[in-house]
file protein36.cif (mmCIF, C-alpha atoms)
data_structure
loop_
_atom_site.label_atom_id
_atom_site.label_comp_id
_atom_site.auth_asym_id
_atom_site.auth_seq_id
_atom_site.Cartn_x
_atom_site.Cartn_y
_atom_site.Cartn_z
CA MET Q 1016 181.76 25.81 90.88
CA THR Q 1017 183.03 27.61 87.77
CA LEU Q 1018 183.14 31.23 86.66
CA ASP Q 1019 183.12 32.11 82.97
CA LEU Q 1020 184.73 35.55 83.20
CA ASP Q 1021 188.32 36.57 83.88
CA LEU Q 1022 188.61 38.44 87.15
CA LYS Q 1023 192.17 39.43 86.22
CA GLY Q 1024 191.00 41.00 82.96
CA ALA Q 1025 189.98 44.55 82.14
CA GLY Q 1026 186.87 46.24 80.78
CA LEU Q 1027 183.25 45.22 81.27
CA GLN Q 1028 182.57 41.49 81.46
CA VAL Q 1029 179.24 39.80 82.06
CA GLY Q 1030 178.88 36.09 82.72
CA VAL Q 1031 177.75 33.48 85.22
CA ALA Q 1032 179.09 31.53 88.14
CA ALA Q 1033 177.76 28.01 87.62
CA ILE Q 1034 176.93 25.71 90.52
CA ASP Q 1035 176.95 22.04 89.50
CA PHE Q 1036 173.64 20.56 90.55
CA SER Q 1037 171.90 17.24 90.02
CA ASP Q 1038 168.24 16.73 90.82
CA ASP Q 1039 165.21 14.84 89.51
CA ALA Q 1040 164.88 17.14 86.48
CA HIS Q 1041 168.56 17.64 85.65
CA ALA Q 1042 171.06 14.85 86.17
CA TYR Q 1043 173.94 17.04 84.98
CA GLY Q 1044 172.57 20.56 85.32
CA VAL Q 1045 173.94 23.81 86.72
CA ILE Q 1046 172.49 26.75 88.63
CA PRO Q 1047 173.70 29.92 86.87
CA VAL Q 1048 174.37 32.95 89.11
CA PRO Q 1049 174.82 36.18 87.09
CA VAL Q 1050 178.10 38.06 87.62
CA ALA Q 1051 179.47 41.26 86.13
CA MET Q 1052 182.88 42.87 86.50
CA ILE Q 1053 183.79 46.44 85.63
CA ALA Q 1054 187.55 46.96 85.67
CA GLY Q 1055 189.31 50.22 84.88
CA GLY Q 1056 192.68 51.52 85.98
CA HIS Q 1057 194.66 50.99 89.14
CA GLY Q 1058 192.64 50.91 92.37
CA PRO Q 1059 190.88 48.72 94.92
CA THR Q 1060 188.51 45.83 94.33
CA VAL Q 1061 184.94 46.12 95.63
CA LEU Q 1062 182.57 43.15 95.82
CA MET Q 1063 178.92 44.25 95.58
CA THR Q 1064 176.06 41.84 96.23
CA GLY Q 1065 172.29 42.01 96.15
CA GLY Q 1066 169.73 39.24 96.43
CA THR Q 1067 171.50 37.42 99.25
CA HIS Q 1068 167.90 36.96 100.29
CA GLY Q 1069 165.77 36.50 97.21
CA ASP Q 1070 162.76 38.60 98.27
CA GLU Q 1071 164.82 41.76 98.90
CA TRP Q 1072 164.58 43.87 95.75
CA GLU Q 1073 166.24 47.19 96.47
CA GLY Q 1074 169.81 45.91 96.40
CA GLN Q 1075 169.16 43.90 93.25
CA LEU Q 1076 167.92 47.01 91.45
CA LEU Q 1077 170.80 49.16 92.67
CA ALA Q 1078 173.40 46.59 91.65
CA ARG Q 1079 171.85 46.37 88.18
CA ARG Q 1080 171.93 50.16 87.90
CA ILE Q 1081 175.65 50.06 88.66
CA ILE Q 1082 176.24 47.57 85.83
CA ARG Q 1083 174.09 49.58 83.46
CA THR Q 1084 175.47 53.06 84.20
CA LEU Q 1085 179.18 52.57 84.91
CA GLY Q 1086 181.89 51.75 82.40
CA PRO Q 1087 185.57 50.91 82.79
CA ALA Q 1088 186.50 54.58 82.31
CA ASP Q 1089 184.50 55.43 85.46
CA VAL Q 1090 186.15 52.85 87.70
CA HIS Q 1091 189.50 53.09 89.47
CA GLY Q 1092 190.06 49.42 90.18
CA ARG Q 1093 187.52 46.59 89.96
CA LEU Q 1094 183.84 46.25 90.76
CA ILE Q 1095 182.63 42.64 91.01
CA VAL Q 1096 178.83 42.74 91.06
CA LEU Q 1097 176.40 39.90 91.77
CA PRO Q 1098 172.90 41.44 91.72
CA ALA Q 1099 171.13 38.13 92.43
CA LEU Q 1100 173.61 36.32 94.63
CA ASN Q 1101 171.10 33.68 95.72
CA GLN Q 1102 169.66 33.25 92.24
CA PRO Q 1103 167.28 30.35 93.05
CA ALA Q 1104 165.76 32.39 95.90
CA VAL Q 1105 165.46 35.45 93.64
CA LEU Q 1106 163.65 33.44 90.97
CA ALA Q 1107 161.24 32.16 93.61
CA ALA Q 1108 160.90 35.58 95.33
CA ARG Q 1109 161.75 33.89 98.61
CA ARG Q 1110 164.13 34.66 101.44
CA ILE Q 1111 165.68 31.19 101.24
CA SER Q 1112 166.61 28.93 98.36
CA PRO Q 1113 163.80 26.64 97.17
CA VAL Q 1114 166.45 24.22 95.91
CA ASP Q 1115 167.80 23.15 99.28
CA GLY Q 1116 166.06 25.36 101.86
CA GLY Q 1117 169.32 27.19 102.50
CA ASN Q 1118 169.47 30.70 103.96
CA LEU Q 1119 172.61 32.01 102.24
CA ASN Q 1120 173.23 34.55 104.98
CA ARG Q 1121 173.46 31.68 107.46
CA ALA Q 1122 175.62 29.43 105.25
CA PHE Q 1123 179.15 30.86 105.47
CA PRO Q 1124 181.92 29.74 105.33
CA GLY Q 1125 180.15 27.17 103.19
CA ASP Q 1126 181.30 23.83 101.88
CA PRO Q 1127 182.56 23.06 98.36
CA ASP Q 1128 181.18 19.54 98.73
CA GLY Q 1129 177.83 20.58 100.19
CA GLY Q 1130 174.50 21.57 98.67
CA PRO Q 1131 174.07 24.51 96.29
CA THR Q 1132 173.77 27.16 99.02
CA ALA Q 1133 176.87 25.87 100.81
CA ILE Q 1134 178.82 25.72 97.53
CA LEU Q 1135 177.88 29.32 96.73
CA ALA Q 1136 178.88 30.52 100.20
CA ASP Q 1137 182.23 28.75 99.83
CA PHE Q 1138 182.79 30.38 96.44
CA VAL Q 1139 182.16 33.85 97.84
CA GLU Q 1140 184.31 33.35 100.94
CA ARG Q 1141 187.19 31.40 99.35
CA GLU Q 1142 187.30 32.90 95.85
CA LEU Q 1143 185.72 36.36 95.71
CA LEU Q 1144 186.40 37.91 99.12
CA PRO Q 1145 190.16 37.14 99.13
CA GLN Q 1146 190.42 39.19 95.92
CA SER Q 1147 188.49 42.12 97.42
CA ASP Q 1148 189.48 45.11 99.51
CA PHE Q 1149 185.94 46.22 100.29
CA ALA Q 1150 182.45 44.72 100.11
CA VAL Q 1151 178.91 46.01 100.23
CA ASP Q 1152 175.92 43.68 100.72
CA LEU Q 1153 172.55 45.33 100.02
CA HIS Q 1154 169.58 44.00 101.99
CA SER Q 1155 166.07 45.07 102.92
CA GLY Q 1156 163.26 43.70 105.03
CA GLY Q 1157 161.99 41.41 102.27
CA ALA Q 1158 158.41 40.20 102.35
CA ALA Q 1159 158.15 39.97 106.12
CA SER Q 1160 159.33 43.36 107.38
CA ARG Q 1161 160.47 46.89 106.71
CA TYR Q 1162 163.68 48.39 108.05
CA LEU Q 1163 164.51 51.94 108.91
CA PRO Q 1164 166.90 52.57 105.99
CA CYS Q 1165 170.38 52.17 107.43
CA ALA Q 1166 173.92 51.00 107.03
CA PHE Q 1167 174.61 47.74 108.90
CA LEU Q 1168 177.98 46.97 110.51
CA ARG Q 1169 179.32 43.83 112.17
CA ILE Q 1170 181.95 44.70 114.79
CA ASP Q 1171 184.51 41.98 115.51
CA GLY Q 1172 186.96 43.68 117.87
CA ASP Q 1173 189.54 44.52 115.19
CA ALA Q 1174 190.11 48.23 115.86
CA ALA Q 1175 191.55 49.03 112.43
CA LEU Q 1176 188.73 47.21 110.63
CA THR Q 1177 186.14 48.84 112.86
CA GLY Q 1178 187.53 52.29 112.14
CA GLN Q 1179 187.27 51.69 108.41
CA LYS Q 1180 183.71 50.36 108.75
CA VAL Q 1181 182.62 53.39 110.77
CA ALA Q 1182 184.23 55.70 108.21
CA GLY Q 1183 182.36 53.81 105.49
CA ALA Q 1184 179.05 54.22 107.32
CA ASP Q 1185 179.74 57.94 107.67
CA ALA Q 1186 180.41 58.18 103.94
CA PHE Q 1187 177.30 56.11 103.14
CA GLY Q 1188 175.50 58.88 104.95
CA LEU Q 1189 172.13 57.38 105.83
CA PRO Q 1190 170.65 58.81 109.04
CA ALA Q 1191 170.95 55.50 110.91
CA THR Q 1192 173.60 52.79 111.17
CA VAL Q 1193 172.81 49.53 112.95
CA VAL Q 1194 175.76 47.91 114.72
CA VAL Q 1195 175.88 44.28 115.83
CA ALA Q 1196 178.51 42.31 117.73
CA ALA Q 1197 180.51 39.63 115.98
CA ALA Q 1198 179.77 37.08 118.71
CA GLY Q 1199 176.10 37.02 117.74
CA GLU Q 1200 176.49 35.22 114.40
CA SER Q 1201 179.42 33.79 112.42
CA ARG Q 1202 177.55 32.44 109.37
CA THR Q 1203 176.78 35.72 107.56
CA LEU Q 1204 178.47 37.35 104.59
CA SER Q 1205 179.61 40.11 106.95
CA ALA Q 1206 181.28 37.48 109.13
CA ALA Q 1207 182.95 35.99 106.06
CA ALA Q 1208 184.30 39.43 105.13
CA ASP Q 1209 185.71 39.83 108.63
CA ARG Q 1210 187.47 36.48 108.40
CA GLN Q 1211 189.05 37.55 105.11
CA GLY Q 1212 190.05 41.01 106.41
CA VAL Q 1213 187.67 42.76 103.98
CA VAL Q 1214 186.01 46.02 105.02
CA MET Q 1215 182.26 45.46 104.63
CA VAL Q 1216 179.38 47.89 104.90
CA ALA Q 1217 176.01 46.19 104.56
CA ALA Q 1218 172.70 48.02 104.26
CA GLU Q 1219 169.02 47.58 105.05
CA LEU Q 1220 166.84 49.54 102.62
CA SER Q 1221 163.17 49.40 103.68
CA GLY Q 1222 161.41 46.30 102.23
CA GLY Q 1223 157.90 44.96 102.56
CA SER Q 1224 157.74 43.28 99.13
CA ALA Q 1225 157.77 46.71 97.51
CA VAL Q 1226 160.32 49.32 96.48
CA ASP Q 1227 160.05 52.80 97.94
CA VAL Q 1228 161.11 55.25 95.21
CA ASP Q 1229 162.47 57.77 97.72
CA VAL Q 1230 164.44 55.16 99.63
CA LEU Q 1231 165.85 53.78 96.39
CA ALA Q 1232 167.04 57.25 95.32
CA GLU Q 1233 168.50 57.91 98.77
CA ALA Q 1234 170.30 54.55 98.70
CA GLU Q 1235 171.67 55.14 95.21
CA ALA Q 1236 173.19 58.43 96.34
CA ALA Q 1237 174.56 56.72 99.48
CA LEU Q 1238 176.14 53.97 97.40
CA GLY Q 1239 177.83 56.56 95.18
CA ARG Q 1240 179.26 58.29 98.24
CA LEU Q 1241 180.54 54.99 99.65
CA LEU Q 1242 182.25 53.96 96.40
CA ALA Q 1243 183.82 57.41 96.16
CA HIS Q 1244 185.02 57.10 99.76
CA TRP Q 1245 186.69 53.82 98.83
CA ARG Q 1246 188.27 55.67 95.88
CA ILE Q 1247 186.90 53.36 93.23
CA LEU Q 1248 184.71 56.18 91.84
CA GLU Q 1249 185.16 59.91 91.62
CA PRO Q 1250 183.15 61.89 94.20
CA PRO Q 1251 179.60 62.66 93.02
CA ALA Q 1252 179.18 66.11 91.52
CA ALA Q 1253 178.08 68.80 93.98
CA SER Q 1254 178.05 66.35 96.86
CA GLY Q 1255 178.05 68.16 100.16
CA PRO Q 1256 178.61 66.74 103.63
CA THR Q 1257 175.88 64.56 105.10
CA ALA Q 1258 174.58 64.77 108.64
CA PRO Q 1259 176.36 62.42 111.07
CA THR Q 1260 174.80 58.99 111.17
CA THR Q 1261 173.22 57.77 114.42
CA PHE Q 1262 174.49 54.39 115.58
CA LEU Q 1263 171.86 51.98 116.87
CA ARG Q 1264 171.94 48.65 118.65
CA LEU Q 1265 169.01 46.30 118.06
CA ALA Q 1266 168.11 46.11 121.73
CA ALA Q 1267 164.79 44.25 121.81
CA HIS Q 1268 162.87 42.01 119.42
CA VAL Q 1269 159.14 41.98 120.26
CA THR Q 1270 157.29 38.76 119.38
CA VAL Q 1271 153.65 37.69 119.23
CA PRO Q 1272 152.41 35.26 121.93
CA PHE Q 1273 149.81 33.35 119.87
CA ASP Q 1274 148.37 32.75 116.40
CA GLY Q 1275 146.19 35.59 115.20
CA LEU Q 1276 146.22 39.03 113.61
CA LEU Q 1277 148.69 41.82 114.37
CA GLU Q 1278 147.38 45.38 114.55
CA PRO Q 1279 150.27 47.85 114.33
CA VAL Q 1280 150.15 50.97 116.47
CA ALA Q 1281 153.67 52.42 116.42
CA ARG Q 1282 155.14 53.33 113.05
CA LEU Q 1283 158.54 52.51 111.64
CA GLY Q 1284 160.92 55.22 112.85
CA ASP Q 1285 158.79 56.26 115.83
CA VAL Q 1286 160.64 57.14 119.01
CA VAL Q 1287 159.06 55.21 121.87
CA ARG Q 1288 159.47 55.04 125.63
CA GLU Q 1289 159.55 51.90 127.74
CA GLY Q 1290 155.96 50.68 128.12
CA ASP Q 1291 154.60 52.46 125.05
CA LEU Q 1292 152.07 50.52 122.99
CA LEU Q 1293 153.63 49.07 119.83
CA ALA Q 1294 150.89 46.75 118.52
CA ARG Q 1295 147.90 44.64 119.48
CA ALA Q 1296 147.56 40.90 118.89
CA HIS Q 1297 144.06 39.56 118.16
CA ARG Q 1298 143.05 35.92 118.54
CA LEU Q 1299 141.31 34.40 115.54
CA ASP Q 1300 139.42 31.70 117.39
CA ASP Q 1301 137.74 33.69 120.18
CA LEU Q 1302 135.79 36.88 119.51
CA ASN Q 1303 135.38 37.40 123.25
CA ALA Q 1304 139.12 37.51 123.80
CA VAL Q 1305 140.55 40.91 124.63
CA PRO Q 1306 143.44 41.86 122.30
CA VAL Q 1307 146.86 41.58 123.90
CA ASP Q 1308 148.91 44.75 123.98
CA LEU Q 1309 152.54 44.45 122.89
CA ARG Q 1310 154.55 47.16 124.62
CA ALA Q 1311 158.09 48.44 124.28
CA PRO Q 1312 160.41 46.62 126.70
CA VAL Q 1313 162.91 49.48 126.34
CA GLY Q 1314 162.86 53.00 125.02
CA GLY Q 1315 164.32 53.73 121.61
CA VAL Q 1316 163.31 53.87 117.95
CA VAL Q 1317 161.19 51.38 116.01
CA ALA Q 1318 163.94 50.11 113.70
CA ILE Q 1319 162.14 47.12 112.14
CA ALA Q 1320 158.40 46.64 111.65
CA ARG Q 1321 156.52 43.53 110.57
CA VAL Q 1322 154.47 43.71 107.35
CA PRO Q 1323 152.15 40.63 107.22
CA VAL Q 1324 149.14 40.97 109.51
CA ARG Q 1325 148.64 37.22 109.94
CA VAL Q 1326 150.94 35.97 112.69
CA GLN Q 1327 151.81 32.78 114.51
CA ALA Q 1328 153.05 32.29 118.05
CA GLY Q 1329 156.62 33.56 118.08
CA SER Q 1330 156.27 35.77 115.00
CA HIS Q 1331 158.40 38.90 114.99
CA ALA Q 1332 156.31 42.06 115.48
CA CYS Q 1333 158.93 44.79 115.63
CA THR Q 1334 162.40 45.62 116.91
CA ILE Q 1335 163.51 48.53 119.06
CA GLY Q 1336 166.89 50.13 118.42
CA THR Q 1337 168.72 52.12 121.08
CA PRO Q 1338 171.41 54.72 120.38
CA LEU Q 1339 175.10 53.92 120.73
CA SER Q 1340 177.84 56.49 121.08
CA ARG Q 1341 180.77 56.23 118.70
CA ALA Q 1342 182.90 55.10 121.62
CA ASP Q 1343 180.40 52.35 122.40
CA VAL Q 1344 180.56 51.01 118.85
CA THR Q 1345 183.99 49.50 119.40
CA SER Q 1346 183.00 47.94 122.74
CA LEU Q 1347 179.64 46.48 121.75
CA GLY Q 1348 178.68 43.57 124.04
CA SER Q 1349 180.00 40.20 122.96
CA ALA Q 1350 176.64 38.41 123.28
CA ASP Q 1351 174.53 40.37 120.80
CA GLY Q 1352 172.57 37.88 118.72
CA ASN Q 1353 171.17 40.24 116.09
CA SER Q 1354 171.96 39.50 112.46
CA ARG Q 1355 170.51 39.51 109.00
#

call {"tool": "encode", "arguments": {"input": "protein36.cif", "output": "structure tokens"}}
result
Amino acid sequence: MTLDLDLKGAGLQVGVAAIDFSDDAHAYGVIPVPVAMIAGGHGPTVLMTGGTHGDEWEGQLLARRIIRTLGPADVHGRLIVLPALNQPAVLAARRISPVDGGNLNRAFPGDPDGGPTAILADFVERELLPQSDFAVDLHSGGAASRYLPCAFLRIDGDAALTGQKVAGADAFGLPATVVVAAAGESRTLSAAADRQGVVMVAAELSGGSAVDVDVLAEAEAALGRLLAHWRILEPPAASGPTAPTTFLRLAAHVTVPFDGLLEPVARLGDVVREGDLLARAHRLDDLNAVPVDLRAPVGGVVAIARVPVRVQAGSHACTIGTPLSRADVTSLGSADGNSR
């Protein structure tokens, strides 16, 4: 994989990272992944990514705004920005790459001799992250779901790293921050950042194959606060303190028992008690069948809600998040399998 800009250079550079790829149509082709770097004076390096999943638009738009609105004079250090990290998936408006079926956020640490998704993951983990002090990976619910807008932290037991992540989530300033345990998944970009000692704050910014104007504005302000906290930008003008973020653990994923239609009852962000009705599942093949109630297995907040009404057996319906104290964040259970 090659990169046609100089990461040691200064100023604004725009180019591509090219993945060598040979298929039926292109014996000696490449997959170009757009990259920009904005480098000013002395300061940290921040890696910013959007489009890790190709159907998640909010992060892609925010990253492009950064490239369009910031110049070298605004930046203390380096911003390396990849708005469409999984470019083939972005072009196809799909979560995964249509080239090799790879889910980039399940491909790290990658393989330089593997398929395109594995090569890209290797490039990020072995080339970009080691040059970075901080990273921010901007996600949303994509086509399948909507998230309560939140920061998203992976906690790996490193107390110093955890402290910096929590401080970053506080600076990001969204009302909610989802926290997951490192033991749940080692193939994500957040896991790669942990392995390289890079402080990462990820984000989930609504979704549902659409862009919420209010969420986008809220996220843009949050991103400005985070970059100022990391001292790569000056603090936003007239920025006051934000309310403390609430830490959540994704405690229960609710799934559908059969093929059919999903009728939502609870709304994204609703506070529910154990046993509360979340949704109803309707069979398609039997009009006499009574809909099946899907109820909350635990009390908490509806943190993720499914968008498509058509479901299959095992489809995700919604996820309940339960509050975590700040003390609990550092001792999150080691068997938490939630990840993005």

call {"tool": "residues_around", "arguments": {"input": "protein36.cif", "residues": "Val1313 (chain Q)", "least_positions_apart": "5", "cutoff": "8 Å", "atoms": "only C-alpha atoms", "output": "list in words"}}
result
Ala1266, Ala1267, Arg1288, Glu1289, Gly1290 and Ile1335 of chain Q

call {"tool": "atom_distance", "arguments": {"input": "protein36.cif", "atom1": "CA of Asp1173 (chain Q)", "atom2": "CA of Arg1240 (chain Q)"}}
result
24.1 Å

call {"tool": "resolve_selection", "arguments": {"input": "protein36.cif", "expression": "the PyMOL selection byres ((chain Q and resi 1134-1149) around 10)", "output": "ChimeraX atom specification"}}
result
/Q:1016-1018,1022-1023,1032-1035,1048,1058-1063,1093-1095,1100-1101,1119-1133,1150-1151,1179-1180,1183,1202-1204,1206-1216,1242,1245

call {"tool": "closest_residue", "arguments": {"input": "protein36.cif", "among": "Q:Gly1092, Q:Pro1103, Q:Gly1066, Q:Pro1098", "to": "Ala1051 (chain Q)", "atoms": "all atoms listed in the file"}}
result
Q:Pro1098

call {"tool": "closest_residue", "arguments": {"input": "protein36.cif", "among": "Q:Ala1040, Q:Ala1243, Q:Val1324, Q:Leu1292", "to": "His1091 (chain Q)", "atoms": "only C-alpha atoms"}}
result
Q:Ala1243

call {"tool": "residues_near_point", "arguments": {"input": "protein36.cif", "point": "(156.9, 49.5, 120.8)", "cutoff": "12 Å", "atoms": "all atoms listed in the file", "output": "PDB file with C-alpha atoms, keeping the file's coordinate frame"}}
result
ATOM      1  CA  ALA Q1266     168.110  46.110 121.730  1.00  0.00           C
ATOM      2  CA  ALA Q1267     164.790  44.250 121.810  1.00  0.00           C
ATOM      3  CA  HIS Q1268     162.870  42.010 119.420  1.00  0.00           C
ATOM      4  CA  VAL Q1269     159.140  41.980 120.260  1.00  0.00           C
ATOM      5  CA  THR Q1270     157.290  38.760 119.380  1.00  0.00           C
ATOM      6  CA  PRO Q1279     150.270  47.850 114.330  1.00  0.00           C
ATOM      7  CA  VAL Q1280     150.150  50.970 116.470  1.00  0.00           C
ATOM      8  CA  ALA Q1281     153.670  52.420 116.420  1.00  0.00           C
ATOM      9  CA  ARG Q1282     155.140  53.330 113.050  1.00  0.00           C
ATOM     10  CA  LEU Q1283     158.540  52.510 111.640  1.00  0.00           C
ATOM     11  CA  GLY Q1284     160.920  55.220 112.850  1.00  0.00           C
ATOM     12  CA  ASP Q1285     158.790  56.260 115.830  1.00  0.00           C
ATOM     13  CA  VAL Q1286     160.640  57.140 119.010  1.00  0.00           C
ATOM     14  CA  VAL Q1287     159.060  55.210 121.870  1.00  0.00           C
ATOM     15  CA  ARG Q1288     159.470  55.040 125.630  1.00  0.00           C
ATOM     16  CA  GLU Q1289     159.550  51.900 127.740  1.00  0.00           C
ATOM     17  CA  GLY Q1290     155.960  50.680 128.120  1.00  0.00           C
ATOM     18  CA  ASP Q1291     154.600  52.460 125.050  1.00  0.00           C
ATOM     19  CA  LEU Q1292     152.070  50.520 122.990  1.00  0.00           C
ATOM     20  CA  LEU Q1293     153.630  49.070 119.830  1.00  0.00           C
ATOM     21  CA  ALA Q1294     150.890  46.750 118.520  1.00  0.00           C
ATOM     22  CA  ARG Q1295     147.900  44.640 119.480  1.00  0.00           C
ATOM     23  CA  ASP Q1308     148.910  44.750 123.980  1.00  0.00           C
ATOM     24  CA  LEU Q1309     152.540  44.450 122.890  1.00  0.00           C
ATOM     25  CA  ARG Q1310     154.550  47.160 124.620  1.00  0.00           C
ATOM     26  CA  ALA Q1311     158.090  48.440 124.280  1.00  0.00           C
ATOM     27  CA  PRO Q1312     160.410  46.620 126.700  1.00  0.00           C
ATOM     28  CA  VAL Q1313     162.910  49.480 126.340  1.00  0.00           C
ATOM     29  CA  GLY Q1314     162.860  53.000 125.020  1.00  0.00           C
ATOM     30  CA  GLY Q1315     164.320  53.730 121.610  1.00  0.00           C
ATOM     31  CA  VAL Q1316     163.310  53.870 117.950  1.00  0.00           C
ATOM     32  CA  VAL Q1317     161.190  51.380 116.010  1.00  0.00           C
ATOM     33  CA  ALA Q1318     163.940  50.110 113.700  1.00  0.00           C
ATOM     34  CA  ILE Q1319     162.140  47.120 112.140  1.00  0.00           C
ATOM     35  CA  ALA Q1320     158.400  46.640 111.650  1.00  0.00           C
ATOM     36  CA  ARG Q1321     156.520  43.530 110.570  1.00  0.00           C
ATOM     37  CA  ALA Q1332     156.310  42.060 115.480  1.00  0.00           C
ATOM     38  CA  CYS Q1333     158.930  44.790 115.630  1.00  0.00           C
ATOM     39  CA  THR Q1334     162.400  45.620 116.910  1.00  0.00           C
ATOM     40  CA  ILE Q1335     163.510  48.530 119.060  1.00  0.00           C
ATOM     41  CA  GLY Q1336     166.890  50.130 118.420  1.00  0.00           C
TER      42      GLY Q1336
END

call {"tool": "resolve_selection", "arguments": {"input": "protein36.cif", "expression": "the PyMOL selection byres ((chain Q and resi 1322) around 6)", "output": "NGL selection string"}}
result
:Q and (1159-1160 or 1321 or 1323)

call {"tool": "resolve_selection", "arguments": {"input": "protein36.cif", "expression": "the PyMOL selection byres ((chain Q and resi 1225) around 9)", "output": "list in words"}}
result
Glu1071, Trp1072, Glu1073, Gly1157, Ala1158, Ser1221, Gly1222, Gly1223, Ser1224, Val1226 and Asp1227 of chain Q

call {"tool": "residues_near_point", "arguments": {"input": "protein36.cif", "point": "(179.4, 39.2, 113.5)", "cutoff": "7 Å", "atoms": "all atoms listed in the file", "output": "list of chain:residue names"}}
result
Q:Arg1169, Q:Ile1170, Q:Asp1171, Q:Val1195, Q:Ala1196, Q:Ala1197, Q:Ala1198, Q:Gly1199, Q:Glu1200, Q:Ser1201, Q:Ser1205, Q:Ala1206

call {"tool": "atom_distance", "arguments": {"input": "protein36.cif", "atom1": "CA of Pro1190 (chain Q)", "atom2": "CA of Asp1343 (chain Q)"}}
result
17.8 Å

call {"tool": "atom_distance", "arguments": {"input": "protein36.cif", "atom1": "CA of Gly1275 (chain Q)", "atom2": "CA of Asp1301 (chain Q)"}}
result
10.0 Å

call {"tool": "closest_residue", "arguments": {"input": "protein36.cif", "among": "Q:Leu1265, Q:Ala1217, Q:Leu1163, Q:Val1096", "to": "Pro1338 (chain Q)", "atoms": "all atoms listed in the file"}}
result
Q:Leu1265

call {"tool": "residues_around", "arguments": {"input": "protein36.cif", "residues": "Asp1038 (chain Q)", "least_positions_apart": "4", "cutoff": "12 Å", "atoms": "only C-alpha atoms", "output": "list of chain:residue names"}}
result
Q:Ala1042, Q:Tyr1043, Q:Gly1044, Q:Val1045, Q:Ile1046, Q:Val1114, Q:Asp1115, Q:Gly1130, Q:Pro1131

call {"tool": "closest_residue", "arguments": {"input": "protein36.cif", "among": "Q:Leu1153, Q:Ala1184, Q:Leu1277, Q:Val1029", "to": "Leu1241 (chain Q)", "atoms": "all atoms listed in the file"}}
result
Q:Ala1184

call {"tool": "closest_residue", "arguments": {"input": "protein36.cif", "among": "Q:Ala1108, Q:Cys1165, Q:Ala1218, Q:Ala1258", "to": "Thr1064 (chain Q)", "atoms": "all atoms listed in the file"}}
result
Q:Ala1218

call {"tool": "closest_residue", "arguments": {"input": "protein36.cif", "among": "Q:Ala1328, Q:Leu1263, Q:Ile1247, Q:Leu1076", "to": "Leu1168 (chain Q)", "atoms": "only C-alpha atoms"}}
result
Q:Leu1263

call {"tool": "axis_aligned_box", "arguments": {"input": "protein36.cif", "around": "region 1102-1113 of chain Q", "padding_each_side": "3 Å", "output": "lines of an AutoDock Vina configuration file"}}
result
center_x = 165.3
center_y = 31.1
center_z = 96.2
size_x = 14.8
size_y = 14.9
size_z = 16.5
